[in-house]
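Here's target.cif, which has mmCIF, C-alpha atoms:
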data_work
#
loop_
_atom_site.label_atom_id
_atom_site.label_comp_id
_atom_site.auth_asym_id
_atom_site.auth_seq_id
_atom_site.Cartn_x
_atom_site.Cartn_y
_atom_site.Cartn_z
CA MET A 1 -23.98 47.90 -29.16
CA ASN A 2 -20.94 49.60 -30.65
CA LYS A 3 -17.83 47.72 -31.73
CA THR A 4 -16.09 47.96 -28.33
CA GLN A 5 -19.17 46.74 -26.46
CA THR A 6 -19.67 43.82 -28.83
CA LYS A 7 -16.02 42.82 -28.53
CA GLU A 8 -16.39 42.92 -24.73
CA LYS A 9 -19.46 40.72 -24.93
CA ILE A 10 -17.70 38.15 -27.13
CA LEU A 11 -14.77 38.09 -24.68
CA ASN A 12 -17.04 37.68 -21.65
CA CYS A 13 -19.02 34.86 -23.24
CA GLY A 14 -15.81 33.21 -24.44
CA ALA A 15 -14.30 33.49 -20.97
CA GLU A 16 -17.33 31.82 -19.44
CA LEU A 17 -17.45 28.89 -21.88
CA ILE A 18 -13.70 28.33 -22.03
CA HIS A 19 -13.29 28.41 -18.24
CA GLU A 20 -15.47 25.31 -18.09
CA LYS A 21 -14.75 23.53 -21.38
CA GLY A 22 -11.25 24.53 -22.39
CA PHE A 23 -9.95 26.64 -25.28
CA ASN A 24 -9.73 24.04 -28.03
CA ASN A 25 -12.98 22.43 -26.98
CA THR A 26 -14.94 25.65 -27.45
CA GLY A 27 -15.96 26.68 -30.95
CA ILE A 28 -16.01 30.28 -32.09
CA SER A 29 -19.57 29.77 -33.34
CA GLU A 30 -20.64 28.67 -29.85
CA VAL A 31 -19.13 31.82 -28.33
CA LEU A 32 -20.82 34.05 -30.90
CA LYS A 33 -24.15 32.29 -30.35
CA LEU A 34 -23.97 32.90 -26.59
CA ALA A 35 -22.98 36.52 -27.24
CA GLY A 36 -25.84 36.96 -29.71
CA VAL A 37 -23.45 38.15 -32.39
CA PRO A 38 -23.99 37.11 -36.03
CA LYS A 39 -21.87 34.17 -37.15
CA GLY A 40 -19.20 35.31 -39.55
CA SER A 41 -18.57 38.65 -37.87
CA PHE A 42 -15.85 37.26 -35.57
CA TYR A 43 -13.01 38.50 -37.77
CA PHE A 44 -14.40 42.01 -37.58
CA TYR A 45 -13.44 41.93 -33.88
CA PHE A 46 -10.41 39.63 -33.77
CA GLU A 47 -7.66 38.89 -36.26
CA SER A 48 -7.69 35.17 -35.46
CA LYS A 49 -8.72 32.63 -32.82
CA ASP A 50 -5.20 33.12 -31.38
CA ASP A 51 -5.69 36.86 -31.15
CA PHE A 52 -8.97 36.14 -29.32
CA GLY A 53 -7.18 33.67 -26.99
CA LEU A 54 -4.50 36.18 -26.05
CA ALA A 55 -7.17 38.80 -25.25
CA LEU A 56 -8.87 36.08 -23.20
CA ILE A 57 -5.78 35.69 -21.01
CA ASP A 58 -6.04 39.41 -20.16
CA ARG A 59 -9.71 38.89 -19.39
CA TYR A 60 -8.89 36.01 -17.02
CA VAL A 61 -6.24 38.10 -15.27
CA GLU A 62 -8.98 40.69 -14.75
CA LEU A 63 -11.43 37.99 -13.51
CA VAL A 64 -8.92 36.66 -10.99
CA ARG A 65 -8.18 40.22 -9.80
CA GLN A 66 -11.91 40.78 -9.38
CA ILE A 67 -12.19 37.57 -7.31
CA HIS A 68 -9.33 38.88 -5.15
CA ARG A 69 -11.01 42.28 -4.76
CA GLU A 70 -14.33 40.69 -3.79
CA ASN A 71 -12.46 38.74 -1.13
CA GLY A 72 -10.87 41.96 0.13
CA VAL A 73 -7.25 41.01 -0.63
CA HIS A 74 -6.37 44.67 -1.29
CA LEU A 75 -7.90 45.72 2.05
CA GLU A 76 -5.58 43.53 4.12
CA LYS A 77 -2.95 45.84 5.54
CA GLU A 78 -0.77 43.07 6.97
CA PRO A 79 1.27 41.25 4.33
CA ASP A 80 0.79 37.77 5.83
CA LYS A 81 -2.99 38.20 5.86
CA ARG A 82 -2.86 39.62 2.33
CA LEU A 83 -0.99 36.55 1.13
CA PHE A 84 -3.46 34.07 2.57
CA ALA A 85 -6.47 36.13 1.44
CA PHE A 86 -4.95 35.91 -2.05
CA PHE A 87 -4.72 32.11 -1.83
CA ASP A 88 -8.15 31.75 -0.18
CA SER A 89 -10.01 33.85 -2.76
CA LEU A 90 -10.16 31.49 -5.70
CA VAL A 91 -10.91 28.47 -3.53
CA GLU A 92 -13.83 30.29 -1.90
CA PHE A 93 -15.04 31.18 -5.40
CA MET A 94 -14.75 27.49 -6.36
CA ASN A 95 -16.57 26.45 -3.18
CA ARG A 96 -19.58 28.47 -4.33
CA THR A 97 -19.72 26.52 -7.60
CA GLY A 98 -19.12 22.96 -6.33
CA TYR A 99 -15.36 23.12 -6.99
CA ARG A 100 -15.86 23.43 -10.72
CA LYS A 101 -13.77 25.22 -13.32
CA GLY A 102 -10.66 25.85 -11.21
CA CYS A 103 -8.13 28.55 -12.05
CA PRO A 104 -8.79 29.80 -15.60
CA LEU A 105 -5.11 30.65 -16.00
CA GLY A 106 -3.86 27.32 -14.64
CA ASN A 107 -6.25 25.52 -16.99
CA LEU A 108 -4.73 27.34 -19.96
CA VAL A 109 -1.21 26.55 -18.75
CA GLN A 110 -2.03 22.85 -18.75
CA GLU A 111 -3.87 22.94 -22.07
CA MET A 112 -1.87 25.40 -24.15
CA SER A 113 1.79 25.43 -23.01
CA ASP A 114 2.85 22.97 -25.71
CA LEU A 115 0.38 24.00 -28.37
CA ASN A 116 0.93 27.71 -28.78
CA GLU A 117 4.13 29.58 -27.95
CA ASN A 118 2.35 32.97 -27.83
CA PHE A 119 -0.02 31.65 -25.17
CA ARG A 120 2.87 30.09 -23.25
CA THR A 121 4.98 33.25 -23.08
CA LYS A 122 1.99 35.38 -22.13
CA LEU A 123 0.93 32.94 -19.41
CA GLU A 124 4.52 32.75 -18.19
CA SER A 125 4.58 36.51 -17.66
CA VAL A 126 1.24 36.31 -15.78
CA PHE A 127 2.64 33.69 -13.40
CA THR A 128 5.87 35.68 -12.99
CA ASP A 129 3.69 38.59 -11.83
CA GLY A 130 1.96 36.21 -9.40
CA GLU A 131 5.33 35.13 -8.00
CA ARG A 132 6.28 38.77 -7.58
CA PHE A 133 3.12 39.40 -5.55
CA VAL A 134 3.81 36.37 -3.34
CA ARG A 135 7.44 37.44 -2.83
CA LYS A 136 6.38 40.96 -1.85
CA CYS A 137 3.94 39.62 0.76
CA LEU A 138 6.55 37.19 2.11
CA LYS A 139 9.18 39.93 2.40
CA GLY A 140 6.71 42.25 4.10
CA ALA A 141 5.71 39.59 6.64
CA VAL A 142 9.35 38.78 7.35
CA GLU A 143 9.91 42.48 8.07
CA THR A 144 6.96 42.62 10.47
CA GLY A 145 8.35 39.52 12.21
CA VAL A 146 5.38 37.27 11.43
CA PHE A 147 7.25 34.98 9.02
CA ARG A 148 10.60 33.26 9.60
CA LYS A 149 13.65 35.35 8.81
CA ASP A 150 15.46 32.62 6.87
CA LEU A 151 12.92 32.17 4.05
CA ASP A 152 14.50 31.64 0.63
CA MET A 153 13.02 34.46 -1.45
CA GLU A 154 14.33 32.93 -4.67
CA MET A 155 12.70 29.53 -4.32
CA LEU A 156 9.76 29.92 -1.97
CA PRO A 157 7.44 32.20 -3.99
CA GLY A 158 7.52 29.84 -6.96
CA PHE A 159 7.09 26.78 -4.77
CA LEU A 160 4.05 28.26 -3.04
CA LEU A 161 2.40 29.43 -6.25
CA ASN A 162 3.01 26.12 -8.04
CA SER A 163 1.87 24.00 -5.09
CA TYR A 164 -1.20 26.20 -4.89
CA GLN A 165 -1.96 25.51 -8.55
CA GLY A 166 -1.61 21.79 -7.86
CA ALA A 167 -4.01 22.09 -4.92
CA VAL A 168 -6.58 24.03 -6.96
CA MET A 169 -6.40 21.41 -9.72
CA MET A 170 -6.96 18.65 -7.18
CA CYS A 171 -9.90 20.48 -5.55
CA LYS A 172 -11.45 20.20 -9.02
CA LEU A 173 -10.73 16.47 -9.15
CA HIS A 174 -11.94 15.63 -5.65
CA LYS A 175 -14.76 18.23 -5.60
CA SER A 176 -13.52 19.16 -2.18
CA GLU A 177 -11.52 21.87 -0.45
CA GLU A 178 -9.33 19.24 1.24
CA PRO A 179 -6.35 19.65 -1.17
CA TYR A 180 -6.38 23.39 -0.46
CA ARG A 181 -6.64 22.82 3.30
CA GLN A 182 -3.53 20.61 3.06
CA PHE A 183 -1.70 23.23 0.99
CA ARG A 184 -2.52 25.95 3.51
CA HIS A 185 -1.39 23.81 6.44
CA TYR A 186 2.04 23.08 4.94
CA ALA A 187 2.46 26.59 3.52
CA GLU A 188 1.95 27.99 7.04
CA SER A 189 4.27 25.41 8.59
CA ILE A 190 7.04 26.40 6.17
CA ILE A 191 6.76 30.17 6.50
CA LYS A 192 5.47 31.01 9.97
CA GLU A 193 7.78 31.83 12.85
CA MET B 194 -3.37 -7.71 -37.01
CA ASN B 195 -6.12 -9.36 -34.99
CA LYS B 196 -8.78 -7.42 -33.11
CA THR B 197 -6.78 -7.20 -29.85
CA GLN B 198 -3.65 -5.98 -31.62
CA THR B 199 -5.58 -3.35 -33.58
CA LYS B 200 -7.29 -2.12 -30.41
CA GLU B 201 -3.86 -1.85 -28.77
CA LYS B 202 -2.56 0.13 -31.71
CA ILE B 203 -5.50 2.56 -31.59
CA LEU B 204 -4.94 3.05 -27.85
CA ASN B 205 -1.20 3.63 -28.26
CA CYS B 206 -1.69 6.15 -31.05
CA GLY B 207 -4.49 7.86 -29.10
CA ALA B 208 -2.30 8.02 -25.99
CA GLU B 209 0.49 9.65 -27.97
CA LEU B 210 -1.68 12.30 -29.62
CA ILE B 211 -3.82 13.06 -26.56
CA HIS B 212 -0.79 13.39 -24.26
CA GLU B 213 0.29 16.36 -26.35
CA LYS B 214 -2.98 17.83 -27.61
CA GLY B 215 -5.62 16.93 -25.04
CA PHE B 216 -8.63 14.63 -25.22
CA ASN B 217 -11.23 16.95 -26.70
CA ASN B 218 -8.73 18.46 -29.09
CA THR B 219 -7.92 15.10 -30.69
CA GLY B 220 -10.29 13.66 -33.24
CA ILE B 221 -11.04 9.96 -33.51
CA SER B 222 -10.28 10.15 -37.22
CA GLU B 223 -6.82 11.53 -36.46
CA VAL B 224 -6.14 8.65 -34.06
CA LEU B 225 -7.31 6.08 -36.62
CA LYS B 226 -5.21 7.69 -39.34
CA LEU B 227 -2.07 7.48 -37.19
CA ALA B 228 -2.92 3.86 -36.32
CA GLY B 229 -3.50 3.01 -39.99
CA VAL B 230 -6.96 1.70 -39.19
CA PRO B 231 -9.83 2.34 -41.64
CA LYS B 232 -12.07 5.24 -40.72
CA GLY B 233 -15.45 4.04 -39.55
CA SER B 234 -14.16 0.92 -37.80
CA PHE B 235 -13.69 2.69 -34.45
CA TYR B 236 -16.98 1.40 -33.05
CA PHE B 237 -15.89 -2.14 -33.77
CA TYR B 238 -13.25 -1.63 -31.06
CA PHE B 239 -14.86 0.84 -28.66
CA GLU B 240 -18.46 1.49 -27.67
CA SER B 241 -17.98 5.25 -27.67
CA LYS B 242 -15.33 7.98 -27.42
CA ASP B 243 -15.93 7.84 -23.64
CA ASP B 244 -15.24 4.12 -23.58
CA PHE B 245 -12.03 4.84 -25.49
CA GLY B 246 -11.14 7.62 -23.03
CA LEU B 247 -11.58 5.37 -20.00
CA ALA B 248 -9.34 2.72 -21.59
CA LEU B 249 -6.88 5.51 -22.26
CA ILE B 250 -6.64 6.31 -18.54
CA ASP B 251 -5.56 2.68 -17.94
CA ARG B 252 -3.04 3.07 -20.75
CA TYR B 253 -1.61 6.21 -19.11
CA VAL B 254 -1.38 4.47 -15.75
CA GLU B 255 0.66 1.79 -17.54
CA LEU B 256 2.81 4.46 -19.27
CA VAL B 257 3.57 6.18 -15.95
CA ARG B 258 4.42 2.80 -14.35
CA GLN B 259 6.76 2.08 -17.26
CA ILE B 260 8.48 5.46 -16.77
CA HIS B 261 8.90 4.55 -13.09
CA ARG B 262 10.30 1.13 -13.98
CA GLU B 263 12.76 2.62 -16.47
CA ASN B 264 13.94 4.92 -13.71
CA GLY B 265 14.39 1.95 -11.37
CA VAL B 266 11.79 3.02 -8.78
CA HIS B 267 10.98 -0.65 -8.00
CA LEU B 268 14.68 -1.43 -7.47
CA GLU B 269 15.10 1.10 -4.66
CA LYS B 270 15.06 -0.92 -1.45
CA GLU B 271 14.98 2.09 0.88
CA PRO B 272 11.55 3.74 1.06
CA ASP B 273 12.88 7.33 1.08
CA LYS B 274 14.90 6.69 -2.08
CA ARG B 275 11.91 4.92 -3.66
CA LEU B 276 9.74 7.97 -2.99
CA PHE B 277 12.12 10.43 -4.59
CA ALA B 278 12.84 8.11 -7.53
CA PHE B 279 9.06 8.05 -8.05
CA PHE B 280 8.92 11.86 -8.13
CA ASP B 281 12.08 12.20 -10.23
CA SER B 282 10.98 9.75 -12.95
CA LEU B 283 8.42 11.79 -14.83
CA VAL B 284 10.50 14.96 -14.66
CA GLU B 285 13.51 13.15 -16.12
CA PHE B 286 11.20 11.85 -18.85
CA MET B 287 10.04 15.43 -19.48
CA ASN B 288 13.62 16.68 -19.49
CA ARG B 289 14.35 14.39 -22.45
CA THR B 290 11.50 15.99 -24.45
CA GLY B 291 12.09 19.68 -23.65
CA TYR B 292 9.56 19.67 -20.77
CA ARG B 293 6.68 18.95 -23.07
CA LYS B 294 3.47 17.03 -22.46
CA GLY B 295 3.67 16.79 -18.66
CA CYS B 296 1.80 14.16 -16.66
CA PRO B 297 -0.81 12.54 -18.93
CA LEU B 298 -3.03 11.85 -15.92
CA GLY B 299 -2.70 15.36 -14.49
CA ASN B 300 -3.56 16.79 -17.90
CA LEU B 301 -6.78 14.77 -17.96
CA VAL B 302 -7.63 15.88 -14.42
CA GLN B 303 -7.42 19.49 -15.49
CA GLU B 304 -9.28 18.98 -18.76
CA MET B 305 -11.96 16.43 -17.88
CA SER B 306 -12.90 16.72 -14.18
CA ASP B 307 -15.88 18.96 -14.90
CA LEU B 308 -16.81 17.52 -18.27
CA ASN B 309 -17.22 13.82 -17.64
CA GLU B 310 -18.08 12.24 -14.30
CA ASN B 311 -16.85 8.78 -15.42
CA PHE B 312 -13.43 10.23 -16.20
CA ARG B 313 -13.40 12.13 -12.92
CA THR B 314 -14.17 9.14 -10.70
CA LYS B 315 -11.67 6.94 -12.54
CA LEU B 316 -8.94 9.59 -12.28
CA GLU B 317 -9.80 10.09 -8.62
CA SER B 318 -9.14 6.43 -7.93
CA VAL B 319 -5.82 6.62 -9.82
CA PHE B 320 -4.68 9.55 -7.66
CA THR B 321 -5.91 7.78 -4.51
CA ASP B 322 -3.61 4.88 -5.47
CA GLY B 323 -0.78 7.40 -5.94
CA GLU B 324 -1.41 8.81 -2.46
CA ARG B 325 -1.34 5.27 -1.05
CA PHE B 326 2.08 4.69 -2.63
CA VAL B 327 3.42 7.96 -1.22
CA ARG B 328 2.01 7.15 2.24
CA LYS B 329 3.61 3.69 2.20
CA CYS B 330 7.03 5.15 1.34
CA LEU B 331 6.67 7.85 4.00
CA LYS B 332 5.72 5.31 6.66
CA GLY B 333 8.59 3.03 5.67
CA ALA B 334 11.11 5.88 5.86
CA VAL B 335 9.76 6.97 9.24
CA GLU B 336 10.29 3.39 10.48
CA THR B 337 13.88 3.32 9.22
CA GLY B 338 14.45 6.66 10.98
CA VAL B 339 15.21 8.66 7.81
CA PHE B 340 12.06 10.79 7.94
CA ARG B 341 10.70 12.74 10.92
CA LYS B 342 8.54 10.76 13.31
CA ASP B 343 5.79 13.37 13.58
CA LEU B 344 4.70 13.40 9.92
CA ASP B 345 0.94 13.66 9.43
CA MET B 346 0.11 10.56 7.39
CA GLU B 347 -3.41 11.82 6.68
CA MET B 348 -2.44 15.15 5.15
CA LEU B 349 1.11 14.84 3.90
CA PRO B 350 0.74 12.23 1.10
CA GLY B 351 -1.98 14.28 -0.60
CA PHE B 352 -0.07 17.52 -0.13
CA LEU B 353 3.09 16.05 -1.69
CA LEU B 354 1.28 14.48 -4.63
CA ASN B 355 -0.75 17.62 -5.36
CA SER B 356 2.24 19.95 -5.03
CA TYR B 357 4.14 17.62 -7.31
CA GLN B 358 1.39 17.89 -9.92
CA GLY B 359 1.57 21.67 -9.64
CA ALA B 360 5.34 21.55 -10.14
CA VAL B 361 5.05 19.27 -13.19
CA MET B 362 2.48 21.59 -14.73
CA MET B 363 4.76 24.57 -14.17
CA CYS B 364 7.78 22.74 -15.64
CA LYS B 365 5.63 22.58 -18.77
CA LEU B 366 4.92 26.32 -18.60
CA HIS B 367 8.48 27.45 -17.92
CA LYS B 368 10.14 24.71 -20.04
CA SER B 369 12.48 24.20 -17.12
CA GLU B 370 13.05 21.79 -14.25
CA GLU B 371 13.21 24.69 -11.78
CA PRO B 372 9.63 24.22 -10.44
CA TYR B 373 10.46 20.57 -9.72
CA ARG B 374 13.74 21.51 -8.06
CA GLN B 375 11.81 23.85 -5.78
CA PHE B 376 9.24 21.14 -5.00
CA ARG B 377 11.95 18.64 -4.13
CA HIS B 378 13.74 21.13 -1.88
CA TYR B 379 10.65 21.90 0.20
CA ALA B 380 9.41 18.29 0.19
CA GLU B 381 12.73 17.23 1.70
CA SER B 382 12.70 20.08 4.21
CA ILE B 383 9.24 19.00 5.43
CA ILE B 384 9.89 15.29 5.74
CA LYS B 385 13.56 14.73 6.52
CA GLU B 386 14.86 14.37 10.06
#
Would you write out, as structure tokens, the structure that this file holds?
Amino acid sequence: MNKTQTKEKILNCGAELIHEKGFNNTGISEVLKLAGVPKGSFYFYFESKDDFGLALIDRYVELVRQIHRENGVHLEKEPDKRLFAFFDSLVEFMNRTGYRKGCPLGNLVQEMSDLNENFRTKLESVFTDGERFVRKCLKGAVETGVFRKDLDMEMLPGFLLNSYQGAVMMCKLHKSEEPYRQFRHYAESIIKE
Amino acid sequence: MNKTQTKEKILNCGAELIHEKGFNNTGISEVLKLAGVPKGSFYFYFESKDDFGLALIDRYVELVRQIHRENGVHLEKEPDKRLFAFFDSLVEFMNRTGYRKGCPLGNLVQEMSDLNENFRTKLESVFTDGERFVRKCLKGAVETGVFRKDLDMEMLPGFLLNSYQGAVMMCKLHKSEEPYRQFRHYAESIIKE
């Protein structure tokens, strides 16, 4: 493997371990062992564990996008269907693994927001992008007449995304899709005509 | 200090550190150092780090109850006001510390649900109690005619509690009360007559 491939492998193995165990609970040596990369060569690929963590956030954004693609979010032409396919995707992914792991980005929000300002600002921009996506779908579905015309486009996207994160977290606690089913029910009751 | 007092001190210091840094990211030795208890005496007080962690959940339940008491939740005679005082309490507590730390029980849900089944089942029963409290307030406020009569008492308490947890988590990310303000707005719009 060349340097780029090895770096990719370290990131993929790190993403896998950290999704389940958390960032601070996962040792660099454990990641390197899983990747089959000699101990001690970590700093050849990353400047620091922080540098690795920030690259990991990009990797998780890519993972979540991939989960969305596999669920056909991008194929939904109608904005209301696109929005709910977006919400459904991760929960269907969790369903296949016994409601384990949850949202890798939400996990990092909970774990790292107070511990590392670089993580926090990067995660904040990821969730701002998520809000933008939700807002775009909502606006589109208002235009096509599927969603209520009086939706508050300032407050609602954030509320939906944050409630969704709460639901995903509680699917992990209850090992059940029930919290998501409740979220979906009330999300629809708020936004549908 | 006698054995009970020392155990209390270890738990209080552990609760403080772990609220900020997480369970797996906090070493026993660090807790003992803060408590001023000799290293190596931990197992005189607790059977294991797990045993300590489970006692810690009880300590956090007590901390959250204390935050509610300080905010006068128990003094609110009207069930609708009691419900919103309950939700407001922790966010006002967070406001005083720059939206740090978040809900100590929600943090453990996110961190520990997949890593320790004893933690998960204990946390699940804590959140089931929380749902029961929310349901009781909702039912009371329906009876007094303040909340809509057609509220779904199976789904709504869980939805509100889970959305609330999502909002608290996002207050921690954005270092702002805005996610809570959004939660409160939509919670009221769903339940009020």
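Atom to atom, atom CA of Tyr236 of chain B and atom CA of Phe216 of chain B stand 17.5 Å apart.
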For chain A, which residues have at least one atom within 8 Å of chain B, if we go by all atoms listed in the file? Write them as JSON, numbers by chain, please.
{"A": [20, 21, 22, 24, 25, 100, 101, 107, 109, 110, 111, 113, 114, 115, 120, 123, 124, 155, 156, 158, 159, 162, 163, 164, 165, 166, 167, 169, 170, 172, 173, 174, 179, 182, 183, 186, 190]}
Grab the atom CA of Lys202 of chain B to atom CA of Ser282 of chain B distance for me, in Å with one decimal place.
25.1 Å
Counting all atoms listed in the file, write as a ChimeraX atom specification all protein and nucleic acid residues lying at most 12 Å from (-6.1, 36.9, -18.0) in the file's frame.
/A:11-12,15,19,52-66,103-109,119,122-127,129-130
What is the atom CA of Ser48 of chain A to atom CA of Ile67 of chain A distance in Å?
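Straight-line distance from atom CA of Ser48 of chain A to atom CA of Ile67 of chain A works out to 28.6 Å.
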Contact residues around Gly338 of chain B with only C-alpha atoms at 12 Å, ignoring same-chain residues under 4 positions, as a VMD selection string:
chain B and resid 271 to 273 331 to 334 342 to 344 384 to 386
Extending 8 Å beyond the listed atoms of segment 293-311 of chain B on each side, what axis-aligned box results? I want centre and edge lengths in Å to one decimal, as JSON.
{"center_x": -5.7, "center_y": 14.1, "center_z": -18.6, "size_x": 40.8, "size_y": 26.7, "size_z": 24.9}
Among the residues A:Lys7, A:Lys33, A:His74, A:His68, the one that comes closest to Val91 of chain A [using all atoms listed in the file]
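That would be A:His68, the residue with the smallest distance to Val91 of chain A.
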Could you name the residues that touch Ile221 of chain B at 9 Å or less, counting all atoms listed in the file, but leaving out those on the same chain fewer than 6 positions away, as a list in words?
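Here the answer would be Gly207, Lys232, Phe235 and Lys242 of chain B.
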